[in-house]
>>> print(open('final03.txt').read())   # compact mmCIF, C-alpha atoms and all ligand atoms
# COMPACT_ATOMS: atom_id res chain seq x y z
CA MET W 1 71.47 62.34 115.47
CA THR W 2 74.26 63.82 113.35
CA ASP W 3 77.14 65.20 115.34
CA TRP W 4 78.09 68.15 113.17
CA THR W 5 81.16 68.78 115.31
CA ASP W 6 82.68 65.36 114.65
CA SER W 7 85.83 66.27 112.73
CA ARG W 8 85.15 64.01 109.68
CA THR W 9 81.50 65.03 109.53
CA PHE W 10 82.38 68.67 109.84
CA SER W 11 85.06 68.45 107.16
CA ASN W 12 82.51 66.74 104.83
CA ALA W 13 80.02 69.49 105.59
CA LEU W 14 82.58 72.16 104.80
CA GLU W 15 83.43 70.49 101.50
CA ARG W 16 79.79 70.36 100.41
CA ALA W 17 78.66 73.76 101.61
CA GLU W 18 78.62 76.75 99.28
CA THR W 19 80.60 79.81 100.38
CA LEU W 20 78.54 82.96 100.19
CA GLU W 21 80.81 85.35 98.34
CA LYS W 22 81.81 88.81 99.37
CA GLY W 23 83.24 91.38 97.00
CA SER W 24 83.37 91.62 93.22
CA CYS W 25 85.47 90.07 90.47
CA PHE W 26 86.82 91.79 87.37
CA GLU W 27 83.89 90.50 85.30
CA ASP W 28 81.38 92.22 87.62
CA PHE W 29 82.45 95.74 86.64
CA SER W 30 81.38 97.63 83.54
CA GLU W 31 82.69 101.01 82.44
CA GLY W 32 80.41 103.89 83.41
CA GLN W 33 78.69 101.85 86.14
CA THR W 34 77.90 103.81 89.32
CA ILE W 35 78.11 102.04 92.66
CA GLU W 36 76.53 103.48 95.81
CA HIS W 37 78.37 101.97 98.77
CA ALA W 38 76.66 100.86 101.97
CA ALA W 39 76.36 103.51 104.67
CA GLY W 40 79.80 104.77 105.54
CA LEU W 41 81.34 105.91 108.76
CA THR W 42 80.50 108.65 111.17
CA LEU W 43 83.89 110.34 111.43
CA SER W 44 84.93 110.15 115.05
CA ALA W 45 87.53 112.09 117.00
CA HIS W 46 88.67 108.81 118.55
CA ALA W 47 89.38 107.03 115.25
CA ASN W 48 90.94 110.20 113.88
CA GLU W 49 93.31 110.31 116.86
CA LEU W 50 94.05 106.58 116.57
CA TRP W 51 95.01 106.99 112.91
CA MET W 52 97.05 110.16 113.50
CA SER W 53 98.86 108.90 116.58
CA GLN W 54 99.80 105.53 115.10
CA THR W 55 100.97 106.91 111.76
CA LEU W 56 103.06 109.60 113.50
CA ASN W 57 101.01 112.47 112.09
CA HIS W 58 101.28 114.48 115.29
CA ASP W 59 100.15 117.89 114.09
CA PRO W 60 98.39 119.68 116.99
CA VAL W 61 96.07 121.47 114.53
CA TYR W 62 94.11 118.20 114.39
CA TRP W 63 94.17 117.61 118.17
CA ARG W 64 93.77 121.01 119.82
CA SER W 65 91.34 123.83 119.19
CA ASP W 66 93.91 126.55 120.08
CA ALA W 67 96.33 125.22 117.45
CA ALA W 68 93.45 124.91 114.96
CA ARG W 69 92.32 128.50 115.54
CA ALA W 70 95.92 129.73 115.08
CA VAL W 71 95.80 128.55 111.44
CA GLY W 72 92.32 129.86 110.72
CA TYR W 73 90.03 126.93 111.54
CA ASP W 74 87.11 127.28 113.98
CA ASP W 75 88.04 123.97 115.61
CA SER W 76 90.18 120.90 114.92
CA PRO W 77 89.08 119.29 111.67
CA ILE W 78 89.43 115.64 110.68
CA HIS W 79 92.96 114.88 109.43
CA PRO W 80 93.07 114.53 105.62
CA ASP W 81 94.75 111.08 105.73
CA TYR W 82 92.02 109.68 107.98
CA LEU W 83 89.35 111.37 105.86
CA LEU W 84 90.84 109.80 102.73
CA ALA W 85 90.95 106.34 104.33
CA SER W 86 87.39 106.82 105.64
CA VAL W 87 86.14 107.52 102.12
CA MET W 88 88.10 104.61 100.67
CA GLY W 89 87.24 102.09 103.42
CA PRO W 90 83.48 101.80 102.78
CA SER W 91 84.18 101.32 99.05
CA VAL W 92 86.36 98.26 99.60
CA GLU W 93 83.61 95.65 100.08
CA ASP W 94 82.12 96.45 96.67
CA LEU W 95 85.33 97.21 94.80
CA SER W 96 88.38 95.38 96.08
CA GLU W 97 87.61 93.01 98.95
CA LYS W 98 88.37 90.01 96.73
CA GLY W 99 92.08 90.47 97.26
CA GLY W 100 93.46 92.46 94.34
CA TYR W 101 96.44 94.71 94.76
CA PHE W 102 96.10 98.47 95.25
CA LEU W 103 98.32 99.72 92.40
CA GLY W 104 97.90 103.46 92.49
CA ARG W 105 95.78 106.56 92.92
CA ASP W 106 95.60 110.00 91.32
CA ASP W 107 93.74 113.32 91.52
CA VAL W 108 93.15 113.16 95.27
CA SER W 109 91.26 116.42 95.94
CA ILE W 110 90.14 117.67 99.31
CA HIS W 111 86.98 119.68 98.62
CA ASP W 112 86.44 120.65 102.24
CA PRO W 113 89.42 120.86 104.64
CA THR W 114 87.19 121.68 107.61
CA VAL W 115 85.28 118.39 107.95
CA ALA W 116 84.38 118.01 111.62
CA PRO W 117 84.19 114.94 113.88
CA GLY W 118 80.60 113.70 113.92
CA THR W 119 80.13 114.07 110.14
CA GLU W 120 78.30 111.11 108.60
CA ILE W 121 79.68 110.21 105.20
CA ARG W 122 78.25 108.60 102.09
CA VAL W 123 80.51 107.13 99.42
CA GLU W 124 79.91 106.58 95.71
CA SER W 125 82.15 105.17 92.96
CA MET W 126 82.06 105.15 89.18
CA VAL W 127 83.90 102.57 87.09
CA GLU W 128 86.15 104.74 84.96
CA ALA W 129 88.05 102.04 83.06
CA LYS W 130 88.76 98.32 83.05
CA ARG W 131 91.22 96.23 81.11
CA GLU W 132 92.77 92.78 81.18
CA SER W 133 96.27 92.44 82.60
CA SER W 134 98.70 91.28 79.92
CA SER W 135 101.28 90.09 82.44
CA ARG W 136 98.95 88.48 85.00
CA PRO W 137 96.16 86.44 83.42
CA ASP W 138 94.43 85.80 86.76
CA TYR W 139 93.71 89.52 87.11
CA GLY W 140 92.17 92.49 85.41
CA ILE W 141 92.97 96.14 86.12
CA VAL W 142 90.10 98.43 87.15
CA THR W 143 90.07 102.18 87.77
CA TRP W 144 87.27 103.83 89.76
CA GLU W 145 86.49 107.42 90.56
CA THR W 146 85.33 107.61 94.18
CA THR W 147 83.73 110.55 95.99
CA GLY W 148 82.90 110.98 99.66
CA PHE W 149 79.97 113.21 100.57
CA ASP W 150 78.57 114.68 103.76
CA ALA W 151 75.46 112.45 103.96
CA GLU W 152 73.37 115.20 105.54
CA THR W 153 74.20 118.18 103.30
CA GLY W 154 75.18 116.29 100.14
CA ASP W 155 78.38 118.36 99.93
CA SER W 156 81.33 116.65 98.28
CA LEU W 157 84.21 116.28 100.75
CA LEU W 158 86.94 114.43 98.88
CA SER W 159 87.45 112.56 95.60
CA TYR W 160 90.13 110.52 93.80
CA THR W 161 90.69 107.91 91.14
CA ARG W 162 92.12 104.55 92.23
CA THR W 163 93.46 101.57 90.29
CA ASN W 164 93.57 97.98 91.56
CA MET W 165 94.37 94.59 90.16
CA ILE W 166 91.15 92.63 90.56
CA PRO W 167 90.93 88.82 90.48
CA ARG W 168 89.08 87.30 87.56
CA ARG W 169 86.37 84.82 88.53
CA GLU W 170 88.41 81.86 87.31
CA PRO W 171 90.98 80.94 88.50
CA MET W 172 90.85 82.42 92.00
CA ALA W 173 93.31 85.05 93.07
CA THR W 174 96.49 84.77 95.01
CA ASP W 175 98.15 87.81 96.51
CA GLY W 176 101.52 87.67 94.87
CA GLY W 177 104.14 89.41 92.92
CA ARG W 178 107.35 89.14 94.87
CA GLU W 179 108.76 86.27 92.81
CA SER W 180 111.45 86.63 90.15
CA PRO W 181 112.51 90.14 90.90
CA THR W 182 114.93 91.25 88.24
CA ASP W 183 115.44 94.88 89.07
CA SER W 184 118.53 96.38 90.59
CA ARG W 185 116.99 96.58 94.08
CA ALA W 186 116.51 92.84 94.21
CA THR W 187 119.96 91.97 92.92
CA GLY W 188 121.66 94.41 95.28
CA GLU W 189 123.26 96.36 92.45
CA THR W 190 123.05 100.10 92.61
CA ASP W 191 122.19 102.07 89.54
CA ASP W 192 122.09 105.76 90.23
CA SER W 193 122.48 106.92 86.63
CA GLY W 194 120.29 109.90 85.99
CA LEU W 195 120.44 111.13 89.57
CA PRO W 196 121.56 114.75 89.96
CA SER W 197 125.09 115.12 91.28
CA GLU W 198 124.09 117.25 94.28
CA PHE W 199 121.29 116.79 96.84
CA VAL W 200 120.18 119.88 98.76
CA SER W 201 118.11 119.93 101.99
CA PRO W 202 115.91 122.79 103.22
CA ASP W 203 117.45 124.73 106.12
CA GLY W 204 114.23 124.65 108.12
CA PRO W 205 110.54 123.76 108.08
CA TYR W 206 109.08 126.99 106.62
CA PHE W 207 107.98 127.88 103.10
CA GLU W 208 111.02 130.11 102.59
CA ASP W 209 113.33 127.20 103.45
CA PHE W 210 111.78 125.03 100.73
CA ARG W 211 111.69 127.92 98.25
CA ASP W 212 115.32 128.86 98.88
CA ALA W 213 116.50 125.26 98.65
CA HIS W 214 114.57 124.82 95.40
CA GLU W 215 116.05 128.03 93.99
CA ARG W 216 119.54 126.79 94.87
CA THR W 217 118.98 123.79 92.60
CA THR W 218 117.45 125.65 89.65
CA ASN W 219 119.44 125.35 86.41
CA ARG W 220 121.99 123.16 88.15
CA ASP W 221 122.63 119.45 88.25
CA ALA W 222 121.02 119.34 91.71
CA ALA W 223 117.76 118.44 93.46
CA VAL W 224 116.09 119.15 96.79
CA ALA W 225 116.05 115.58 98.10
CA TYR W 226 116.35 114.46 101.71
CA ARG W 227 115.52 111.66 104.16
CA HIS W 228 113.45 111.85 107.32
CA GLU W 229 114.86 110.37 110.49
CA ARG W 230 111.85 108.60 111.95
CA GLY W 231 110.90 105.04 111.13
CA ARG W 232 107.76 103.08 112.05
CA THR W 233 107.77 99.32 112.36
CA MET W 234 104.50 97.87 111.15
CA ASP W 235 102.68 96.03 113.91
CA ASP W 236 99.25 94.50 114.24
CA VAL W 237 97.60 97.87 114.91
CA MET W 238 99.06 99.31 111.73
CA VAL W 239 98.38 96.32 109.51
CA ALA W 240 95.00 95.05 110.78
CA THR W 241 93.45 97.64 113.12
CA LEU W 242 93.76 100.82 111.06
CA PRO W 243 92.13 99.48 107.88
CA LEU W 244 89.30 97.91 109.87
CA VAL W 245 88.69 101.15 111.77
CA THR W 246 87.83 102.69 108.39
CA LEU W 247 85.62 99.69 107.37
CA ASN W 248 88.26 98.48 104.89
CA THR W 249 87.43 94.76 104.69
CA ALA W 250 90.16 93.76 102.21
CA LYS W 251 91.24 90.31 103.37
CA GLN W 252 94.89 91.13 102.68
CA HIS W 253 95.04 93.07 105.94
CA HIS W 254 93.41 90.79 108.49
CA ASN W 255 93.08 87.19 107.23
CA ASP W 256 96.39 85.38 107.77
CA ASP W 257 94.81 82.04 106.83
CA TYR W 258 93.84 83.28 103.35
CA MET W 259 97.19 85.00 102.89
CA ALA W 260 99.26 81.97 103.96
CA ASP W 261 99.20 80.59 100.40
CA SER W 262 100.05 83.91 98.78
CA PRO W 263 103.60 84.90 97.83
CA SER W 264 103.74 87.38 100.69
CA GLY W 265 102.75 84.42 102.93
CA GLU W 266 101.10 86.73 105.42
CA ILE W 267 98.86 89.76 105.72
CA VAL W 268 100.10 92.98 104.13
CA ALA W 269 99.71 96.62 105.17
CA TYR W 270 96.93 98.73 103.66
CA GLY W 271 98.57 101.11 101.20
CA ASP W 272 97.05 104.16 102.88
CA VAL W 273 98.66 103.28 106.21
CA THR W 274 102.08 102.98 104.56
CA ARG W 275 101.47 106.24 102.71
CA SER W 276 100.29 108.07 105.82
CA VAL W 277 103.43 107.02 107.70
CA ALA W 278 105.66 108.38 104.91
CA LEU W 279 103.66 111.62 104.85
CA GLY W 280 103.76 111.79 108.66
CA HIS W 281 107.56 111.58 108.58
CA ALA W 282 107.66 114.34 105.96
CA ARG W 283 105.18 116.59 107.79
CA SER W 284 107.29 116.30 110.96
CA ASP W 285 109.98 118.25 109.08
CA GLU W 286 107.73 121.07 107.82
CA ARG W 287 105.20 123.59 109.12
CA THR W 288 102.11 122.40 107.30
CA TYR W 289 99.36 125.02 106.94
CA ARG W 290 96.88 123.28 104.61
CA GLU W 291 96.85 120.09 102.58
CA ILE W 292 95.78 120.74 98.99
CA GLY W 293 95.92 117.45 97.08
CA TYR W 294 97.81 114.35 96.01
CA GLY W 295 98.55 112.59 92.74
CA ASP W 296 100.46 109.90 90.87
CA GLU W 297 100.38 107.60 93.91
CA GLN W 298 101.90 104.16 93.33
CA PHE W 299 102.46 101.13 95.52
CA HIS W 300 105.63 99.37 94.43
CA ASP W 301 105.93 96.43 96.80
CA PHE W 302 104.27 94.73 99.77
CA VAL W 303 104.71 95.85 103.36
CA THR W 304 104.28 93.14 106.00
CA VAL W 305 104.28 93.05 109.82
CA GLY W 306 107.80 93.72 111.06
CA ASP W 307 108.81 95.92 108.12
CA THR W 308 109.96 99.42 109.08
CA ILE W 309 108.75 102.35 107.00
CA TYR W 310 110.99 105.37 106.46
CA GLY W 311 110.42 108.51 104.40
CA PHE W 312 112.30 110.29 101.62
CA THR W 313 111.18 113.54 100.00
CA ARG W 314 111.90 115.57 96.90
CA VAL W 315 110.73 119.16 96.41
CA LEU W 316 109.35 119.48 92.88
CA ALA W 317 108.10 123.08 92.87
CA THR W 318 107.43 126.07 95.10
CA GLU W 319 105.12 128.99 94.46
CA ASP W 320 104.58 132.09 96.52
CA THR W 321 100.95 133.06 97.02
CA ASP W 322 99.09 136.25 97.92
CA ASP W 323 98.48 134.65 101.28
CA SER W 324 100.78 136.23 103.87
CA GLU W 325 100.50 133.10 106.02
CA ALA W 326 101.75 130.40 103.66
CA GLY W 327 103.23 129.46 100.28
CA GLU W 328 102.63 126.43 98.09
CA VAL W 329 105.08 123.53 97.83
CA THR W 330 104.75 120.43 95.66
CA PHE W 331 106.62 117.42 97.01
CA GLU W 332 107.21 113.90 95.89
CA HIS W 333 107.21 111.59 98.90
CA TYR W 334 108.53 108.05 99.03
CA ALA W 335 108.06 105.35 101.65
CA PHE W 336 110.86 102.82 101.81
CA ASN W 337 111.57 99.79 103.97
CA GLN W 338 114.53 98.59 106.05
CA ARG W 339 116.05 97.09 102.90
CA ASP W 340 115.97 100.57 101.26
CA GLU W 341 113.31 99.39 98.79
CA PRO W 342 110.67 101.96 97.78
CA VAL W 343 107.17 100.72 98.61
CA TYR W 344 105.15 103.88 97.89
CA SER W 345 105.63 107.10 95.92
CA GLY W 346 103.31 110.00 95.21
CA THR W 347 103.11 113.75 94.81
CA ARG W 348 101.58 116.06 97.38
CA THR W 349 100.82 119.78 97.25
CA ALA W 350 100.49 121.67 100.52
CA LEU W 351 100.56 125.20 101.85
CA ILE W 352 103.54 125.59 104.17
CA GLN W 353 103.67 128.36 106.78
CA LYS W 354 105.85 131.36 106.12
CA ARG W 355 108.65 132.13 108.56
CA ASN W 356 107.34 135.58 109.42
CA GLN W 357 104.17 134.20 111.06
C1 LIG H 1 101.06 94.55 92.35
C2 LIG H 1 102.44 94.06 92.07
C3 LIG H 1 102.58 92.65 92.61
C4 LIG H 1 102.62 94.05 90.58
O1 LIG H 1 103.88 93.54 90.29
P1 LIG H 1 104.31 93.32 88.81
O2 LIG H 1 105.77 93.01 88.80
O3 LIG H 1 103.36 92.37 88.16
O4 LIG H 1 104.12 94.82 88.31
P2 LIG H 1 103.88 95.48 86.93
O5 LIG H 1 104.29 94.59 85.80
O6 LIG H 1 104.52 96.81 87.08
O7 LIG H 1 102.30 95.70 86.89
C5 LIG H 1 101.39 94.69 86.56
C6 LIG H 1 100.31 95.35 85.71
O8 LIG H 1 99.69 96.39 86.48
C7 LIG H 1 99.73 97.63 85.73
N1 LIG H 1 99.94 98.72 86.70
C8 LIG H 1 100.89 98.79 87.65
N2 LIG H 1 100.77 99.93 88.35
C9 LIG H 1 99.71 100.60 87.81
C10 LIG H 1 99.08 101.82 88.09
N3 LIG H 1 99.51 102.64 89.08
N4 LIG H 1 98.00 102.20 87.36
C11 LIG H 1 97.55 101.40 86.35
N5 LIG H 1 98.11 100.20 86.05
C12 LIG H 1 99.18 99.82 86.76
C13 LIG H 1 100.92 97.47 84.79
O9 LIG H 1 100.75 98.32 83.67
C14 LIG H 1 100.86 96.02 84.44
O10 LIG H 1 99.88 95.82 83.41
P3 LIG H 1 100.00 94.56 82.42
O11 LIG H 1 99.80 93.32 83.26
O12 LIG H 1 98.88 94.73 81.43
O13 LIG H 1 101.36 94.62 81.82
C15 LIG H 1 103.54 94.97 92.72
O14 LIG H 1 103.50 96.22 92.07
C16 LIG H 1 103.32 95.17 94.18
O15 LIG H 1 103.67 94.33 95.00
N6 LIG H 1 102.74 96.34 94.55
C17 LIG H 1 102.36 96.62 95.92
C18 LIG H 1 100.89 96.31 96.09
C19 LIG H 1 100.47 96.64 97.50
O16 LIG H 1 101.06 96.14 98.46
N7 LIG H 1 99.44 97.53 97.64
C20 LIG H 1 99.01 97.99 98.92
C21 LIG H 1 98.42 96.91 99.77
S1 LIG H 1 96.96 96.17 99.10
C22 LIG H 1 95.72 97.27 99.66
O17 LIG H 1 95.99 98.23 100.35
C23 LIG H 1 94.34 96.91 99.28
C24 LIG H 1 93.22 97.89 99.64
C25 LIG H 1 93.57 99.32 99.39
O18 LIG H 1 92.85 97.74 101.00
C26 LIG H 1 92.04 97.55 98.75
O19 LIG H 1 92.17 97.75 97.53
O20 LIG H 1 91.03 97.13 99.23
>>> encode(input="final03.txt", output="structure tokens", more="lines below")
Ligand SMILES: CC(C)(COP(=O)(O)OP(=O)(O)OC[C@H]1O[C@@H](n2cnc3c(N)ncnc32)[C@H](O)[C@@H]1OP(=O)(O)O)[C@@H](O)C(=O)NCCC(=O)NCCSC(=O)C[C@](C)(O)C(=O)O
Amino acid sequence: MTDWTDSRTFSNALERAETLEKGSCFEDFSEGQTIEHAAGLTLSAHANELWMSQTLNHDPVYWRSDAARAVGYDDSPIHPDYLLASVMGPSVEDLSEKGGYFLGRDDVSIHDPTVAPGTEIRVESMVEAKRESSSRPDYGIVTWETTGFDAETGDSLLSYTRTNMIPRREPMATDGGRESPTDSRATGETDDSGLPSEFVSPDGPYFEDFRDAHERTTNRDAAVAYRHERGRTMDDVMVATLPLVTLNTAKQHHNDDYMADSPSGEIVAYGDVTRSVALGHARSDERTYREIGYGDEQFHDFVTVGDTIYGFTRVLATEDTDDSEAGEVTFEHYAFNQRDEPVYSGTRTALIQKRNQ
């Protein structure tokens, strides 16, 4: 009788056996195609708290009903970063599990900021565009529009467009891109040409502080630009647990064996975890009232276990509203690592509480 566990026999068996594929290659997508993803998550308070606690998004509005009621909610809703990741996660198996890089995202709109724990979600994507990569022949570049719905009511909860590099069927993908860096970051040179001569920080966490700081820079060679003190070293929970808790099956985050041959040589952090940490740092220095939306999100370099993520923020615009509680601020947030290299950037618009409340 064949001993399938004999090492030579087993290695022969492995060589001859077909691997049942998961995920899609560049060739599998066509523009205009709609993809209904397999049943998504039921949003849970536990996973919401895991995401928020580990990414340092410690806003009590999302933990405590008294804090939620104080800003006009009936009860604590699901945090927008966890909601976003919970919409993206169930799309990964169909769209990006093969191992392509998450390049960027735009038009992130929160259609319902009051989504409650216990909501069952359904996720759908449409292939908006696809093109070959001129610099990386093993990949194509695909953009999808993805929407998350409340499965029971059919209401749209959140939507965005996302762009990934996607491996072509032949040859197979590697997860690379660190080699031959030629920019000033990699060579250690500093090139700050074009930077304003003065950086201004807000005096406090309220809308008026951002507005006043922004006004101080208007028509001057100055910008509201400041760093956040906290850092978060990426550990196994951040890199492997958080994507999996949102059903994100991209092998980059939990399969060290596959990633050993890639230029990063190891698993890399899910872009949304890196982003959420940078936003968490920024939110810890403001009185957030409501999140409105996000855009122009880009992932500039890999983040691996052991890297420490810090935050840097610019204030792009402020606008007073009729709302006596809060005014609108548009930020650009950056995540950067312990080598001062930017790894994420994106804009965010939020309502920030007014001082008089
Ligand atoms: C990807 C790397 C290697 C490219 O490094 P590079 O030096 O080759 O960069 P590049 O030359 O700037 O870009 C290559 C091509 O991409 C295009 N491109 C570039 N950005 C965009 C964008 N926003 N929108 C549209 N297109 C974009 C760009 O135009 C260019 O096109 P070309 O080949 O035809 O000349 C480098 O940028 C890098 O290391 N980025 C970080 C990637 C990363 O770590 N992402 C997060 C982790 S992966 C992830 O989270 C996975 C996820 C979420 O779970 C899941 O999709 O399933």
>>> closest_residue(input="final03.txt", among="W:Arg162, W:Arg314, W:Arg348, W:Arg220", to="ligand LIG 1 (chain H)", atoms="all atoms listed in the file")
W:Arg162
>>> closest_residue(input="final03.txt", among="W:Met165, W:Glu325, W:Glu215, W:Gly194", to="Ser134 (chain W)", atoms="only C-alpha atoms")
W:Met165
>>> residues_around(input="final03.txt", residues="region 91-97 of chain W", least_positions_apart="6", cutoff="8 Å", atoms="all atoms listed in the file", output="PyMOL selection string")
chain W and resi 22-24+35+37+123-125+164+166+247-251
>>> closest_residue(input="final03.txt", among="W:Glu49, W:Asp320, W:Asp106, W:Asp209", to="ligand LIG 1 (chain H)", atoms="only C-alpha atoms and all ligand atoms")
W:Asp106
>>> residues_near_ligand(input="final03.txt", ligand="ligand LIG 1 (chain H)", cutoff="7 Å", atoms="all atoms listed in the file", output="PyMOL selection string")
chain W and resi 92+96-97+100-105+132-136+141+163-165+176-178+248-250+252+268-272+297-303+343
>>> residues_around(input="final03.txt", residues="region 38-48 of chain W", least_positions_apart="3", cutoff="8 Å", atoms="all atoms listed in the file", output="compact mmCIF listing (two decimals) with C-alpha atoms, keeping the file's coordinate frame")
# COMPACT_ATOMS: atom_id res chain seq x y z
CA TRP W 51 95.01 106.99 112.91
CA MET W 52 97.05 110.16 113.50
CA ILE W 78 89.43 115.64 110.68
CA HIS W 79 92.96 114.88 109.43
CA TYR W 82 92.02 109.68 107.98
CA LEU W 83 89.35 111.37 105.86
CA SER W 86 87.39 106.82 105.64
CA VAL W 87 86.14 107.52 102.12
CA PRO W 90 83.48 101.80 102.78
CA ALA W 116 84.38 118.01 111.62
CA PRO W 117 84.19 114.94 113.88
CA GLY W 118 80.60 113.70 113.92
CA THR W 119 80.13 114.07 110.14
CA GLU W 120 78.30 111.11 108.60
CA ILE W 121 79.68 110.21 105.20
CA ARG W 122 78.25 108.60 102.09
CA VAL W 123 80.51 107.13 99.42
CA VAL W 245 88.69 101.15 111.77
CA THR W 246 87.83 102.69 108.39
CA LEU W 247 85.62 99.69 107.37
>>> atom_distance(input="final03.txt", atom1="CA of Pro167 (chain W)", atom2="CA of Thr146 (chain W)")
20.0 Å
>>> atom_distance(input="final03.txt", atom1="CA of Ile110 (chain W)", atom2="CA of Arg64 (chain W)")
21.1 Å
>>> closest_residue(input="final03.txt", among="W:Val108, W:Leu56, W:Val71, W:Val127", to="Thr34 (chain W)", atoms="all atoms listed in the file")
W:Val127
>>> atom_distance(input="final03.txt", atom1="CA of Glu266 (chain W)", atom2="CA of Val305 (chain W)")
8.3 Å
>>> closest_atom_pairs(input="final03.txt", of="region 212-301 of chain W", to="region 197-200 of chain W", cutoff="10 Å", atoms="all atoms listed in the file", output="tab-separated table")
residue	atom	partner	partner_atom	distance
W:Ala213	CA	W:Val200	CA	6.5
W:His214	CA	W:Val200	CA	8.2
W:Arg216	CA	W:Val200	CA	8.0
W:Thr217	CA	W:Val200	CA	7.4
W:Arg220	CA	W:Glu198	CA	8.8
W:Asp221	CA	W:Ser197	CA	5.8
W:Ala222	CA	W:Glu198	CA	4.5
W:Ala223	CA	W:Phe199	CA	5.2
W:Val224	CA	W:Val200	CA	4.6
W:Ala225	CA	W:Phe199	CA	5.5
W:Tyr226	CA	W:Val200	CA	7.3
>>> write_last_selection(input="final03.txt", atoms="C-alpha atoms", output="PDB file, keeping the file's coordinate frame")
ATOM      1  CA  ALA W 213     116.500 125.260  98.650  1.00  0.00           C
ATOM      2  CA  HIS W 214     114.570 124.820  95.400  1.00  0.00           C
ATOM      3  CA  ARG W 216     119.540 126.790  94.870  1.00  0.00           C
ATOM      4  CA  THR W 217     118.980 123.790  92.600  1.00  0.00           C
ATOM      5  CA  ARG W 220     121.990 123.160  88.150  1.00  0.00           C
ATOM      6  CA  ASP W 221     122.630 119.450  88.250  1.00  0.00           C
ATOM      7  CA  ALA W 222     121.020 119.340  91.710  1.00  0.00           C
ATOM      8  CA  ALA W 223     117.760 118.440  93.460  1.00  0.00           C
ATOM      9  CA  VAL W 224     116.090 119.150  96.790  1.00  0.00           C
ATOM     10  CA  ALA W 225     116.050 115.580  98.100  1.00  0.00           C
ATOM     11  CA  TYR W 226     116.350 114.460 101.710  1.00  0.00           C
TER      12      TYR W 226
END
>>> closest_residue(input="final03.txt", among="W:Ala326, W:Ile309, W:Leu84, W:Leu244", to="Arg355 (chain W)", atoms="all atoms listed in the file")
W:Ala326
>>> residues_around(input="final03.txt", residues="Val329 (chain W)", least_positions_apart="4", cutoff="8 Å", atoms="all atoms listed in the file", output="PyMOL selection string")
chain W and resi 207+210-211+315-319+349-352
>>> closest_residue(input="final03.txt", among="W:Ser201, W:Ser30, W:Ser53, W:Ser156", to="Arg131 (chain W)", atoms="all atoms listed in the file")
W:Ser30
>>> residues_near_point(input="final03.txt", point="(111.3, 105.6, 111.9)", cutoff="10 Å", atoms="all atoms listed in the file", output="PyMOL selection string")
chain W and resi 56+228-233+277-278+281+308-311+337-338
>>> residues_around(input="final03.txt", residues="Tyr334 (chain W)", least_positions_apart="3", cutoff="6 Å", atoms="all atoms listed in the file", output="PyMOL selection string")
chain W and resi 311-312+344-345
>>> decode(input="final03.txt", residues="region 244-255 of chain W", atoms="N, CA and C atoms", output="CSV table (one decimal), in the first residue's frame")
chain,number,residue,atom,x,y,z
W,244,LEU,N,-7.6,39.5,8.6
W,244,LEU,CA,-8.4,38.3,8.6
W,244,LEU,C,-9.8,38.5,9.4
W,245,VAL,N,-9.8,39.4,10.4
W,245,VAL,CA,-11.0,39.7,11.1
W,245,VAL,C,-12.0,40.4,10.2
W,246,THR,N,-11.6,40.9,9.1
W,246,THR,CA,-12.5,41.5,8.1
W,246,THR,C,-12.7,40.6,6.9
W,247,LEU,N,-12.2,39.4,7.0
W,247,LEU,CA,-12.3,38.4,5.8
W,247,LEU,C,-11.4,38.8,4.7
W,248,ASN,N,-10.4,39.6,4.9
W,248,ASN,CA,-9.4,40.0,3.9
W,248,ASN,C,-8.4,38.8,3.8
W,249,THR,N,-8.5,38.0,2.7
W,249,THR,CA,-7.7,36.8,2.5
W,249,THR,C,-6.4,37.1,1.7
W,250,ALA,N,-6.1,38.3,1.4
W,250,ALA,CA,-4.9,38.6,0.6
W,250,ALA,C,-3.7,37.9,1.3
W,251,LYS,N,-3.0,37.1,0.5
W,251,LYS,CA,-1.9,36.3,1.1
W,251,LYS,C,-0.7,37.1,1.6
W,252,GLN,N,-0.7,38.4,1.1
W,252,GLN,CA,0.4,39.2,1.6
W,252,GLN,C,0.4,39.4,3.1
W,253,HIS,N,-0.7,39.2,3.7
W,253,HIS,CA,-0.8,39.5,5.2
W,253,HIS,C,-0.7,38.3,6.1
W,254,HIS,N,-0.7,37.1,5.6
W,254,HIS,CA,-0.7,36.0,6.5
W,254,HIS,C,0.0,34.8,6.0
W,255,ASN,N,0.7,34.8,4.8
W,255,ASN,CA,1.4,33.6,4.3
W,255,ASN,C,2.8,34.0,4.1
